[in-house]
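The data block below is protein38.txt; it holds compact mmCIF, C-alpha atoms and all ligand atoms.
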# COMPACT_ATOMS: atom_id res chain seq x y z
CA MET A 1 12.20 7.37 -18.91
CA ILE A 2 15.67 6.09 -19.85
CA THR A 3 16.06 3.26 -22.40
CA LEU A 4 19.40 1.63 -23.18
CA LYS A 5 19.94 -0.14 -26.51
CA ASN A 6 16.17 0.01 -26.99
CA LYS A 7 15.65 -1.87 -23.75
CA PRO A 8 13.88 -0.28 -20.78
CA LEU A 9 15.67 -0.23 -17.44
CA SER A 10 15.23 -3.07 -14.95
CA PHE A 11 12.96 -2.53 -11.93
CA GLU A 12 16.05 -2.10 -9.70
CA SER A 13 17.49 0.68 -11.90
CA SER A 14 14.06 2.27 -12.30
CA ALA A 15 13.64 2.44 -8.52
CA VAL A 16 16.93 4.38 -8.29
CA HIS A 17 16.13 6.78 -11.16
CA ALA A 18 12.32 6.93 -11.24
CA GLY A 19 10.72 10.33 -11.63
CA GLU A 20 14.02 12.06 -12.38
CA ASP A 21 13.85 15.47 -13.97
CA LYS A 22 17.32 16.87 -14.53
CA LYS A 23 16.10 20.40 -15.22
CA ASP A 24 16.95 22.01 -11.90
CA GLN A 25 18.24 25.53 -12.52
CA TYR A 26 21.37 24.96 -10.39
CA GLY A 27 21.98 21.42 -11.65
CA SER A 28 21.20 19.88 -8.26
CA HIS A 29 21.99 16.15 -8.44
CA THR A 30 19.20 15.24 -6.02
CA THR A 31 15.67 16.59 -6.14
CA PRO A 32 15.45 19.92 -4.31
CA ILE A 33 12.96 20.22 -1.45
CA TYR A 34 10.56 22.97 -2.48
CA GLN A 35 9.61 23.74 1.11
CA THR A 36 7.15 26.48 0.23
CA SER A 37 3.44 27.05 0.78
CA THR A 38 2.92 29.28 -2.24
CA PHE A 39 4.51 30.27 -5.55
CA ALA A 40 5.09 33.82 -6.82
CA PHE A 41 3.48 34.95 -10.08
CA LYS A 42 5.36 37.19 -12.54
CA ASP A 43 2.28 39.36 -12.93
CA VAL A 44 -1.48 39.31 -12.42
CA ASP A 45 -2.13 37.92 -15.90
CA GLN A 46 0.11 34.90 -15.27
CA GLY A 47 -1.65 34.26 -11.95
CA ALA A 48 -5.12 34.54 -13.48
CA LYS A 49 -4.15 32.20 -16.33
CA ALA A 50 -2.81 29.67 -13.81
CA PHE A 51 -6.13 29.67 -11.95
CA ALA A 52 -8.06 29.41 -15.25
CA HIS A 53 -5.77 26.49 -16.30
CA GLU A 54 -4.85 28.49 -19.42
CA GLU A 55 -1.62 28.29 -21.35
CA GLY A 56 0.93 30.87 -20.22
CA GLY A 57 -0.18 30.51 -16.58
CA ALA A 58 2.28 29.72 -13.80
CA SER A 59 3.05 26.00 -13.48
CA HIS A 60 2.57 26.09 -9.70
CA ILE A 61 0.11 28.03 -7.54
CA TYR A 62 -0.06 26.76 -3.95
CA SER A 63 1.37 23.58 -2.40
CA ARG A 64 -2.05 22.12 -1.46
CA LEU A 65 -2.70 21.91 -5.22
CA GLY A 66 0.75 20.74 -6.29
CA ASN A 67 4.43 21.07 -5.48
CA PRO A 68 7.50 20.13 -7.60
CA THR A 69 9.02 17.84 -4.93
CA VAL A 70 5.69 16.07 -4.42
CA GLU A 71 5.27 15.73 -8.20
CA HIS A 72 8.67 14.06 -8.43
CA LEU A 73 7.49 11.43 -5.95
CA GLU A 74 4.22 11.00 -7.86
CA ARG A 75 6.11 10.38 -11.12
CA ALA A 76 8.49 7.97 -9.39
CA ILE A 77 5.83 5.76 -7.78
CA CYS A 78 3.72 5.82 -10.94
CA GLU A 79 6.74 4.59 -12.94
CA LEU A 80 7.22 1.67 -10.56
CA GLU A 81 3.54 0.68 -10.35
CA THR A 82 3.24 0.80 -14.18
CA PHE A 83 6.65 -0.80 -14.76
CA GLY A 84 6.60 -2.69 -18.06
CA LEU A 85 3.08 -1.57 -19.07
CA SER A 86 2.81 -0.52 -22.72
CA ASN A 87 0.33 2.23 -21.81
CA ALA A 88 2.23 3.52 -18.75
CA GLU A 89 1.96 7.12 -19.95
CA ASP A 90 -1.84 6.95 -19.49
CA TYR A 91 -1.32 6.76 -15.70
CA SER A 92 -0.30 9.22 -13.04
CA GLY A 93 0.35 9.25 -9.31
CA MET A 94 -1.24 11.40 -6.65
CA ALA A 95 0.56 11.76 -3.31
CA PHE A 96 -1.13 12.24 0.07
CA GLY A 97 -0.20 13.05 3.66
CA SER A 98 -1.07 9.49 4.78
CA GLY A 99 -2.11 6.14 3.41
CA MET A 100 -5.58 6.73 4.87
CA ALA A 101 -5.86 10.10 3.07
CA ALA A 102 -5.05 8.33 -0.22
CA ILE A 103 -7.49 5.47 0.45
CA THR A 104 -10.42 7.60 1.66
CA THR A 105 -10.00 10.22 -1.08
CA GLY A 106 -9.83 7.47 -3.70
CA ILE A 107 -12.89 5.65 -2.35
CA ILE A 108 -15.03 8.75 -1.84
CA SER A 109 -14.26 10.12 -5.29
CA ILE A 110 -14.87 6.84 -7.13
CA ALA A 111 -17.71 5.21 -5.24
CA LYS A 112 -19.85 8.36 -4.73
CA GLY A 113 -23.10 7.25 -3.16
CA GLN A 114 -22.97 3.70 -4.48
CA HIS A 115 -22.17 0.23 -3.18
CA ILE A 116 -18.69 -1.01 -2.27
CA ILE A 117 -17.67 -4.66 -1.94
CA ALA A 118 -14.70 -4.95 0.39
CA GLN A 119 -12.42 -7.73 1.54
CA ASP A 120 -13.15 -8.82 5.11
CA ALA A 121 -9.48 -8.81 6.16
CA LEU A 122 -8.25 -5.23 5.77
CA TYR A 123 -6.08 -2.76 7.68
CA GLY A 124 -8.05 -1.65 10.78
CA CYS A 125 -8.68 2.00 9.85
CA THR A 126 -9.70 1.11 6.28
CA SER A 127 -12.13 -1.46 7.67
CA GLN A 128 -13.51 1.03 10.20
CA PHE A 129 -13.86 3.75 7.51
CA LEU A 130 -15.77 1.41 5.20
CA LYS A 131 -17.97 -0.08 7.92
CA GLU A 132 -18.77 3.03 9.97
CA GLU A 133 -18.10 6.10 7.82
CA THR A 134 -19.23 5.18 4.29
CA PRO A 135 -22.91 4.82 5.39
CA LYS A 136 -22.78 8.38 6.76
CA LEU A 137 -21.64 9.48 3.30
CA GLY A 138 -24.53 7.76 1.53
CA MET A 139 -22.57 4.64 0.55
CA ALA A 140 -22.78 1.09 1.82
CA THR A 141 -20.12 -1.58 2.08
CA SER A 142 -20.49 -5.35 2.23
CA PHE A 143 -17.56 -7.44 3.45
CA ILE A 144 -16.65 -10.78 1.95
CA ASP A 145 -13.71 -13.17 1.63
CA THR A 146 -12.33 -11.95 -1.71
CA SER A 147 -9.94 -14.92 -1.92
CA ASP A 148 -13.08 -16.81 -3.00
CA THR A 149 -13.78 -15.34 -6.44
CA PHE A 150 -17.16 -17.08 -6.58
CA LEU A 151 -18.27 -15.07 -3.51
CA VAL A 152 -17.21 -11.88 -5.30
CA GLU A 153 -19.39 -12.79 -8.27
CA MET A 154 -22.38 -13.58 -6.03
CA GLU A 155 -21.95 -10.27 -4.18
CA LEU A 156 -21.79 -8.33 -7.46
CA LYS A 157 -25.07 -9.96 -8.51
CA LYS A 158 -26.61 -9.10 -5.14
CA HIS A 159 -25.58 -5.44 -5.46
CA PRO A 160 -25.96 -4.30 -9.07
CA ASN A 161 -25.14 -0.71 -8.00
CA THR A 162 -21.60 -1.71 -6.99
CA ALA A 163 -19.15 1.00 -8.04
CA LEU A 164 -16.03 -0.37 -6.41
CA ILE A 165 -14.41 -3.57 -5.20
CA TYR A 166 -11.74 -2.93 -2.59
CA LEU A 167 -9.04 -5.35 -1.46
CA GLU A 168 -5.43 -5.60 -0.30
CA SER A 169 -2.97 -7.48 -2.54
CA ILE A 170 -1.61 -9.17 0.62
CA ALA A 171 -4.21 -8.61 3.32
CA ASN A 172 -3.38 -7.09 6.69
CA PRO A 173 -3.01 -9.07 8.95
CA THR A 174 -4.10 -12.47 7.58
CA LEU A 175 -1.85 -12.29 4.48
CA THR A 176 -4.74 -13.55 2.34
CA ILE A 177 -4.13 -13.29 -1.41
CA SER A 178 -6.99 -12.64 -3.84
CA ASP A 179 -7.10 -13.38 -7.55
CA ILE A 180 -6.76 -9.78 -8.75
CA GLU A 181 -6.92 -10.78 -12.44
CA ALA A 182 -10.21 -12.68 -12.11
CA ILE A 183 -11.78 -10.08 -9.79
CA ALA A 184 -10.83 -7.20 -12.12
CA GLU A 185 -12.50 -9.04 -14.99
CA LEU A 186 -15.64 -9.65 -12.93
CA ALA A 187 -15.71 -6.04 -11.73
CA HIS A 188 -15.53 -4.74 -15.30
CA GLN A 189 -18.24 -7.13 -16.50
CA HIS A 190 -20.50 -5.62 -13.83
CA GLY A 191 -19.56 -1.98 -14.49
CA ALA A 192 -17.49 -1.68 -11.32
CA LEU A 193 -13.86 -0.74 -10.70
CA LEU A 194 -11.20 -2.56 -8.68
CA MET A 195 -9.06 -0.70 -6.14
CA VAL A 196 -6.10 -2.54 -4.58
CA ASP A 197 -4.04 -1.50 -1.57
CA ASN A 198 -0.57 -2.70 -2.56
CA THR A 199 1.22 -1.63 0.64
CA PHE A 200 2.39 -5.09 1.82
CA ALA A 201 3.51 -6.32 -1.62
CA THR A 202 4.89 -3.13 -3.25
CA PRO A 203 5.33 -3.23 -7.07
CA TYR A 204 8.52 -5.26 -6.46
CA HIS A 205 6.30 -8.28 -5.76
CA ILE A 206 2.85 -7.50 -7.24
CA GLN A 207 1.72 -5.04 -9.91
CA PRO A 208 -2.08 -4.85 -9.54
CA LEU A 209 -2.46 -2.51 -12.56
CA ALA A 210 -0.75 -5.07 -14.80
CA LEU A 211 -3.25 -7.65 -13.48
CA GLY A 212 -6.23 -5.48 -14.46
CA ALA A 213 -6.89 -3.39 -11.33
CA ASP A 214 -8.01 0.19 -11.95
CA ILE A 215 -6.50 2.02 -9.04
CA VAL A 216 -3.67 1.24 -6.65
CA ALA A 217 -3.28 2.73 -3.17
CA HIS A 218 -0.29 2.67 -0.85
CA SER A 219 0.65 3.62 2.61
CA THR A 220 4.10 4.95 1.63
CA THR A 221 4.73 5.10 5.39
CA LYS A 222 5.76 1.45 5.01
CA TYR A 223 8.15 -0.10 2.45
CA MET A 224 8.29 2.89 0.09
CA GLY A 225 9.52 5.29 2.78
CA GLY A 226 11.27 2.30 4.29
CA HIS A 227 12.86 3.90 7.34
CA GLY A 228 9.92 4.72 9.61
CA THR A 229 10.47 8.47 9.23
CA ILE A 230 7.31 9.60 7.41
CA ILE A 231 3.55 9.16 7.16
CA GLY A 232 2.38 9.21 3.54
CA GLY A 233 0.17 7.69 0.88
CA VAL A 234 -0.26 7.53 -2.85
CA LEU A 235 -2.78 6.60 -5.54
CA VAL A 236 -1.88 5.46 -9.04
CA ALA A 237 -4.58 5.28 -11.72
CA LYS A 238 -5.31 6.31 -15.30
CA LYS A 239 -5.48 10.09 -15.71
CA ALA A 240 -8.88 9.59 -17.35
CA LEU A 241 -10.19 7.88 -14.20
CA TYR A 242 -9.07 10.77 -11.99
CA GLU A 243 -10.82 13.19 -14.35
CA GLU A 244 -14.03 11.21 -14.44
CA SER A 245 -14.04 10.78 -10.63
CA GLU A 246 -12.77 14.31 -9.90
CA THR A 247 -10.17 12.74 -7.60
CA PHE A 248 -7.86 15.75 -7.96
CA LEU A 249 -10.68 18.09 -6.94
CA PHE A 250 -11.41 15.90 -3.90
CA ARG A 251 -7.74 15.93 -2.89
CA LYS A 252 -7.57 19.72 -3.31
CA ASN A 253 -10.71 20.37 -1.28
CA LEU A 254 -10.26 17.65 1.35
CA GLY A 255 -6.69 18.93 1.57
CA GLY A 256 -4.84 15.63 1.93
CA ILE A 257 -1.76 16.24 -0.26
CA ALA A 258 1.70 15.18 0.98
CA GLY A 259 4.12 17.78 2.30
CA PRO A 260 7.38 18.39 0.35
CA MET A 261 9.71 17.18 3.11
CA ASP A 262 7.85 13.87 3.51
CA ALA A 263 7.75 13.46 -0.28
CA TRP A 264 11.51 13.98 -0.43
CA LEU A 265 12.20 11.47 2.35
CA THR A 266 9.93 8.94 0.63
CA MET A 267 11.83 9.41 -2.61
CA ASN A 268 15.10 8.70 -0.83
CA GLY A 269 13.49 5.52 0.45
CA LEU A 270 12.29 4.51 -3.02
CA LYS A 271 15.83 4.48 -4.39
CA THR A 272 16.62 1.43 -2.25
CA LEU A 273 13.17 -0.19 -2.50
CA ALA A 274 14.31 -3.13 -4.66
CA LEU A 275 17.44 -3.69 -2.57
CA ARG A 276 15.51 -3.61 0.70
CA MET A 277 12.67 -5.81 -0.57
CA GLN A 278 15.21 -8.48 -1.62
CA LYS A 279 16.50 -8.62 1.97
CA HIS A 280 13.06 -8.31 3.65
CA THR A 281 11.86 -11.19 1.48
CA SER A 282 14.82 -13.53 1.89
CA ASN A 283 14.88 -12.89 5.66
CA ALA A 284 11.12 -13.46 5.95
CA MET A 285 11.41 -16.78 4.12
CA GLN A 286 14.09 -17.97 6.57
CA VAL A 287 12.18 -16.72 9.62
CA ALA A 288 8.96 -18.33 8.32
CA ARG A 289 10.74 -21.69 7.94
CA PHE A 290 12.13 -21.37 11.46
CA LEU A 291 8.70 -20.59 12.94
CA GLU A 292 6.99 -23.29 10.88
CA ASP A 293 9.27 -25.91 12.45
CA HIS A 294 9.14 -24.53 16.00
CA PRO A 295 7.19 -26.76 18.42
CA MET A 296 5.56 -23.74 20.11
CA VAL A 297 4.05 -22.41 16.87
CA ASP A 298 0.50 -23.57 16.27
CA GLU A 299 -0.19 -21.94 12.89
CA ILE A 300 1.73 -19.70 10.54
CA TRP A 301 0.70 -17.67 7.51
CA TYR A 302 3.30 -16.62 4.92
CA PRO A 303 2.57 -16.64 1.15
CA GLY A 304 5.91 -18.34 0.46
CA LEU A 305 5.08 -21.41 2.56
CA GLU A 306 3.38 -24.39 0.92
CA SER A 307 0.90 -24.35 3.83
CA HIS A 308 -0.44 -20.89 2.88
CA PRO A 309 -4.06 -21.27 1.66
CA GLN A 310 -3.29 -19.36 -1.58
CA TYR A 311 0.27 -20.62 -2.12
CA GLY A 312 -0.43 -21.51 -5.78
CA LEU A 313 -2.00 -18.13 -6.51
CA ALA A 314 0.84 -16.32 -4.70
CA ASN A 315 3.32 -18.11 -6.97
CA HIS A 316 1.28 -17.05 -9.99
CA ILE A 317 0.88 -13.35 -9.20
CA MET A 318 3.98 -12.56 -7.08
CA LYS A 319 7.44 -11.85 -8.47
CA ASN A 320 10.80 -11.90 -6.67
CA GLY A 321 9.55 -13.63 -3.52
CA PHE A 322 6.72 -13.21 -1.06
CA GLY A 323 7.22 -10.05 0.99
CA GLY A 324 8.39 -9.29 4.49
CA VAL A 325 5.38 -9.90 6.75
CA ILE A 326 4.60 -13.12 8.62
CA THR A 327 1.60 -13.84 10.86
CA PHE A 328 1.53 -16.68 13.35
CA GLU A 329 -0.26 -18.04 16.35
CA LEU A 330 1.48 -19.75 19.24
CA LYS A 331 0.26 -22.78 21.15
CA GLY A 332 -1.13 -21.10 24.27
CA GLY A 333 -2.85 -18.37 22.18
CA PHE A 334 -2.88 -14.78 23.31
CA GLU A 335 -0.97 -15.29 26.61
CA ALA A 336 1.89 -17.08 24.85
CA GLY A 337 1.97 -14.39 22.11
CA LYS A 338 2.00 -11.66 24.75
CA SER A 339 4.93 -13.27 26.53
CA LEU A 340 6.85 -13.54 23.23
CA MET A 341 6.22 -9.87 22.39
CA ASN A 342 7.31 -8.82 25.90
CA HIS A 343 10.59 -10.77 25.68
CA VAL A 344 12.01 -9.80 22.27
CA LYS A 345 15.21 -7.74 22.43
CA LEU A 346 16.14 -7.00 18.79
CA CYS A 347 12.58 -6.78 17.41
CA THR A 348 10.62 -3.71 18.47
CA LEU A 349 7.09 -3.97 19.83
CA ALA A 350 5.42 -1.38 17.60
CA VAL A 351 2.70 -1.10 14.97
CA SER A 352 3.61 -0.30 11.34
CA LEU A 353 5.80 -2.38 9.02
CA GLY A 354 8.19 -1.97 6.12
CA THR A 355 10.90 -0.32 8.19
CA VAL A 356 14.50 -1.51 7.98
CA ASP A 357 14.21 -2.93 11.49
CA THR A 358 11.96 -5.80 12.57
CA LEU A 359 8.64 -4.85 14.19
CA ILE A 360 6.30 -7.15 16.09
CA GLN A 361 2.74 -6.40 17.17
CA HIS A 362 -0.58 -7.86 18.28
CA PRO A 363 -3.34 -7.04 15.71
CA ALA A 364 -6.33 -7.93 17.95
CA SER A 365 -5.41 -5.38 20.64
CA MET A 366 -3.58 -2.90 18.41
CA THR A 367 -4.00 -2.27 14.64
CA HIS A 368 -7.26 -4.24 14.37
CA SER A 369 -8.81 -3.47 17.77
CA ILE A 370 -11.25 -1.07 16.04
CA VAL A 371 -12.49 -3.63 13.51
CA ASP A 372 -16.10 -4.79 13.90
CA GLU A 373 -16.13 -8.08 15.90
CA GLU A 374 -18.21 -9.93 13.29
CA ILE A 375 -15.88 -8.90 10.47
CA LYS A 376 -12.84 -9.90 12.54
CA LYS A 377 -14.34 -13.31 13.16
CA GLN A 378 -15.27 -13.77 9.50
CA ALA A 379 -11.75 -12.73 8.39
CA GLY A 380 -9.98 -15.00 10.90
CA ILE A 381 -8.35 -12.19 12.87
CA THR A 382 -8.09 -14.13 16.12
CA ASP A 383 -6.89 -12.96 19.55
CA GLY A 384 -3.77 -15.11 19.34
CA LEU A 385 -2.38 -13.67 16.06
CA VAL A 386 1.09 -12.13 16.21
CA ARG A 387 2.27 -10.03 13.22
CA LEU A 388 5.96 -9.89 12.47
CA ALA A 389 7.28 -7.37 9.93
CA VAL A 390 10.72 -8.79 9.21
CA GLY A 391 13.44 -6.16 8.80
CA ILE A 392 16.78 -6.20 6.99
CA GLU A 393 18.98 -7.15 9.96
CA SER A 394 20.67 -10.53 9.56
CA ALA A 395 18.15 -13.40 9.49
CA GLU A 396 20.30 -15.25 12.05
CA ASP A 397 19.93 -12.40 14.56
CA ILE A 398 16.15 -12.12 14.05
CA ILE A 399 15.78 -15.88 14.50
CA ALA A 400 18.05 -15.84 17.59
CA ASP A 401 15.89 -13.09 19.12
CA LEU A 402 12.67 -15.01 18.47
CA GLU A 403 14.26 -18.20 19.79
CA GLN A 404 15.31 -16.60 23.10
CA ALA A 405 11.92 -14.90 23.49
CA LEU A 406 10.11 -18.20 22.83
CA GLU A 407 12.32 -19.92 25.40
CA ALA A 408 11.60 -17.15 27.91
C1 LIG B 501 -2.27 -2.15 4.41
C2 LIG B 501 -2.34 -0.76 4.96
N1 LIG B 501 -3.02 0.18 4.27
C3 LIG B 501 -3.13 1.44 4.73
C4 LIG B 501 -2.60 1.82 5.93
C5 LIG B 501 -2.77 3.23 6.42
O1 LIG B 501 -1.63 3.97 6.15
P1 LIG B 501 -1.20 5.27 6.98
O2 LIG B 501 -0.91 4.85 8.36
O3 LIG B 501 -0.01 5.76 6.22
O4 LIG B 501 -2.35 6.23 6.91
C6 LIG B 501 -1.89 0.89 6.69
C7 LIG B 501 -1.29 1.26 7.99
O5 LIG B 501 -0.78 0.46 8.72
C8 LIG B 501 -1.77 -0.44 6.19
O6 LIG B 501 -1.12 -1.40 6.88

Show me the file's structure as structure tokens.
Amino acid sequence: MITLKNKPLSFESSAVHAGEDKKDQYGSHTTPIYQTSTFAFKDVDQGAKAFAHEEGGASHIYSRLGNPTVEHLERAICELETFGLSNAEDYSGMAFGSGMAAITTGIISIAKGQHIIAQDALYGCTSQFLKEETPKLGMATSFIDTSDTFLVEMELKKHPNTALIYLESIANPTLTISDIEAIAELAHQHGALLMVDNTFATPYHIQPLALGADIVAHSTTKYMGGHGTIIGGVLVAKKALYEESETFLFRKNLGGIAGPMDAWLTMNGLKTLALRMQKHTSNAMQVARFLEDHPMVDEIWYPGLESHPQYGLANHIMKNGFGGVITFELKGGFEAGKSLMNHVKLCTLAVSLGTVDTLIQHPASMTHSIVDEEIKKQAGITDGLVRLAVGIESAEDIIADLEQALEA
């Protein structure tokens, strides 16, 4: 890591330079794409030593175990998630072929056969995995509103075999914010760990590890990749935690590592992460104000609005603004929302978020259609919710598009 005049780089500069390793044999300025399945050994001894993890072995064996391009991405994201931490070198990143591969590998390796307490509002596939798949793997998950720290404490007391608390730093799609600091403390008092999906916030806005969380997950498909060109995921945690949980072994044997080309594209995205987040955030704030004042909007959720239920907490734990996603409900519910989504011209009707262009979608029939009805009700994921992932076009154009679609 570069330091100038004994001062570490800013987050913006770190995003551009994170993970750099200027040791390429040809002096390549950008990270080469090691698009290879396997690596040649000099001789049998070197190969055997590599497999036995002995000194003198080859540094790379096979790309399902590790690949130099993928490792560059892992170093880069780890640097950003641990930005400013005095013990940053204790952590490492682990890249995956999707956010879900990162999340499931992390959960399975850590929670092995024990109880999980999860937030009720979560990305649809995460919710479905916890509700329907963890019991088949000998685990059980209870779902609660983690924005109420008292409920978390009660649930920990109810389930003394809790190994893991799982939440999203800004929940999908309700944008609920939980008190990561207080929950991490409670988890540790009860011998559990806290895992936080930081996809919506990115380390530009929230650093869960600095707030006491043990493991961070990302769908790098979103803001980190930034351009809608890849599917990817990452975990960042202390190396000691991976060792204890055998997370690396699980990734190797479940086979979920990222491919080199996707890792490379994600790294290109990371270089502009801070720049893009500034624009996503300032645009989202303007769009949120517009929607808040619009007579056809019934309710709106955005952590930067005073009306957000955790506005005070968001101000306490978020830096540099409040992210790029807004959720709202129109007067006229689902039918009005459907008409809006069918009439936008600049915004694209598509799932996903964190791309440079604005995406709009309907959680109840799309991303969250697979979520258990009871959990959806408890989390407030209603049929009328519209999710808007504000892009980096001009705010005026996004607002004009919404305005004409609302009129239509
Ligand atoms: C908050 C969150 N976590 C995880 C995921 C899953 O990521 P992926 O689609 O990369 O597997 C998503 C996908 O939308 C998400 O929104």

Nearest to Ala210 in chain A: which of A:Gly57, A:Gly84, A:Gly19, A:Pro173 is it, counting only C-alpha atoms?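 For Ala210 in chain A, the nearest of the candidates is A:Gly84.
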
Near-ligand residues for ligand LIG 501 (chain B), threshold 7 Å, only C-alpha atoms and all ligand atoms, as a list of chain:residue names: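 Checking only C-alpha atoms and all ligand atoms against ligand LIG 501 (chain B) at 7 Å gives A:Ser98, A:Gly99, A:Met100, A:Ala101, A:Leu122, A:Tyr123, A:Cys125, A:Thr126, A:Glu168, A:Ala171, A:Asn172, A:Asp197, A:Thr199, A:Phe200, A:His218, A:Ser219, A:Thr220, A:Thr221, A:Ile231, A:Gly232, A:Gly233, A:Ser352.
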
List the neighbours of Gln189 in chain A out to 12 Å using only C-alpha atoms; skip same-chain residues closer than 3 positions along the sequence, and give me the result as a list in words. Glu153, Leu156, Lys157, Pro160, Thr162, Ala163, Ala182, Ile183, Ala184, Glu185, Leu186, Ala192, Leu193 and Leu194 of chain A

Answer as a VMD selection string, residues within 12 Å of (12.9, -2.3, -18.6) using all atoms listed in the file: chain A and resid 1 to 15 18 79 to 80 82 to 86

Which residues, written as a list in words, have at least one atom at most 9 Å from Thr247 in chain A, with only C-alpha atoms counted and residues fewer than 3 positions away on the same chain left out?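 The residues that qualify are Thr105, Gly106, Ile108, Ser109, Ile110, Leu241, Tyr242, Glu243, Glu244, Phe250, Arg251 and Lys252 of chain A.
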
Closest of A:Thr174, A:Asn67, A:Thr367, A:Thr272 to Phe96 in chain A - atom-to-atom distances counting all atoms listed in the file: A:Asn67

Quick one: residues within 8 Å of Ala118 in chain A, only C-alpha atoms, excluding same-chain residues fewer than 4 positions away - as a PyMOL selection string? chain A and resi 141-144+146+165-167

Scan for residues within 7 Å of the point (19.4, -12.5, 9.0) in the coordinates of the file, using only C-alpha atoms, and reply as a list in words. Asn283, Glu393, Ser394, Ala395, Glu396, Asp397 and Ile398 of chain A

What's the 12 Å shell around Asp43 in chain A, counting only C-alpha atoms, without same-chain residues fewer than 4 positions away, as a list in words?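 Residues meeting the cut-off are Phe39, Gly47, Ala48, Lys49, Ala50, Gly56, Gly57 and Ala58 of chain A.
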
List the neighbours of Met366 in chain A out to 9 Å using only C-alpha atoms; skip same-chain residues closer than 5 positions along the sequence, and give me the result as number ranges by chain. A: 124, 351, 361

Report, in Å with one decimal, the straight-line distance from CA of Pro135 in chain A to CA of Gly380 in chain A. 24.3 Å

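Closest approach to Ala408 in chain A among A:Val344, A:Gly384, A:Asp24, A:Ala364: A:Val344, based on all atoms listed in the file.
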
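A straight line drawn from CA of Leu305 in chain A to CA of Gly391 in chain A is 18.5 Å long.
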
So, counting only C-alpha atoms, which residue among A:Leu137, A:Ala76, A:Ile206, A:Leu385 is closest to Asp21 in chain A?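 With only C-alpha atoms as the atom set, the closest residue is A:Ala76.
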
Please compute the CA of Val325 in chain A-CA of Ile107 in chain A distance, one decimal, in Å. 25.7 Å

Which residue is closest to His205 in chain A? Choose from A:Met277, A:Ile177, A:Ala187, A:Leu249 and count all atoms listed in the file. A:Met277

Please fill the gaps in range 379-392 of chain A so it has N, CA and C atoms, and write that as a PDB file, in the frame of the given file.
ATOM      1  N   ALA A 379     -13.046 -12.820   9.070  1.00  0.00           N
ATOM      2  CA  ALA A 379     -11.750 -12.730   8.390  1.00  0.00           C
ATOM      3  C   ALA A 379     -10.678 -13.599   9.037  1.00  0.00           C
ATOM      4  N   GLY A 380     -10.970 -14.157  10.221  1.00  0.00           N
ATOM      5  CA  GLY A 380      -9.980 -15.000  10.900  1.00  0.00           C
ATOM      6  C   GLY A 380      -8.938 -14.212  11.652  1.00  0.00           C
ATOM      7  N   ILE A 381      -9.294 -12.992  12.073  1.00  0.00           N
ATOM      8  CA  ILE A 381      -8.350 -12.190  12.870  1.00  0.00           C
ATOM      9  C   ILE A 381      -8.583 -12.557  14.344  1.00  0.00           C
ATOM     10  N   THR A 382      -7.851 -13.583  14.779  1.00  0.00           N
ATOM     11  CA  THR A 382      -8.090 -14.130  16.120  1.00  0.00           C
ATOM     12  C   THR A 382      -7.259 -13.387  17.180  1.00  0.00           C
ATOM     13  N   ASP A 383      -7.602 -13.617  18.455  1.00  0.00           N
ATOM     14  CA  ASP A 383      -6.890 -12.960  19.550  1.00  0.00           C
ATOM     15  C   ASP A 383      -5.440 -13.390  19.665  1.00  0.00           C
ATOM     16  N   GLY A 384      -5.128 -14.576  19.175  1.00  0.00           N
ATOM     17  CA  GLY A 384      -3.770 -15.110  19.340  1.00  0.00           C
ATOM     18  C   GLY A 384      -2.794 -14.687  18.250  1.00  0.00           C
ATOM     19  N   LEU A 385      -3.270 -14.010  17.193  1.00  0.00           N
ATOM     20  CA  LEU A 385      -2.380 -13.670  16.060  1.00  0.00           C
ATOM     21  C   LEU A 385      -1.271 -12.708  16.464  1.00  0.00           C
ATOM     22  N   VAL A 386      -0.061 -13.030  16.028  1.00  0.00           N
ATOM     23  CA  VAL A 386       1.090 -12.130  16.210  1.00  0.00           C
ATOM     24  C   VAL A 386       1.545 -11.751  14.792  1.00  0.00           C
ATOM     25  N   ARG A 387       1.793 -10.450  14.557  1.00  0.00           N
ATOM     26  CA  ARG A 387       2.270 -10.030  13.220  1.00  0.00           C
ATOM     27  C   ARG A 387       3.718  -9.589  13.315  1.00  0.00           C
ATOM     28  N   LEU A 388       4.533 -10.187  12.471  1.00  0.00           N
ATOM     29  CA  LEU A 388       5.960  -9.890  12.470  1.00  0.00           C
ATOM     30  C   LEU A 388       6.332  -9.262  11.130  1.00  0.00           C
ATOM     31  N   ALA A 389       6.823  -8.024  11.168  1.00  0.00           N
ATOM     32  CA  ALA A 389       7.280  -7.370   9.930  1.00  0.00           C
ATOM     33  C   ALA A 389       8.804  -7.478   9.945  1.00  0.00           C
ATOM     34  N   VAL A 390       9.301  -8.432   9.162  1.00  0.00           N
ATOM     35  CA  VAL A 390      10.720  -8.790   9.210  1.00  0.00           C
ATOM     36  C   VAL A 390      11.571  -7.687   8.569  1.00  0.00           C
ATOM     37  N   GLY A 391      12.578  -7.241   9.284  1.00  0.00           N
ATOM     38  CA  GLY A 391      13.440  -6.160   8.800  1.00  0.00           C
ATOM     39  C   GLY A 391      14.621  -6.683   7.998  1.00  0.00           C
ATOM     40  N   ILE A 392      15.631  -5.806   7.823  1.00  0.00           N
ATOM     41  CA  ILE A 392      16.780  -6.200   6.990  1.00  0.00           C
ATOM     42  C   ILE A 392      18.032  -6.469   7.833  1.00  0.00           C
TER      43      ILE A 392
END
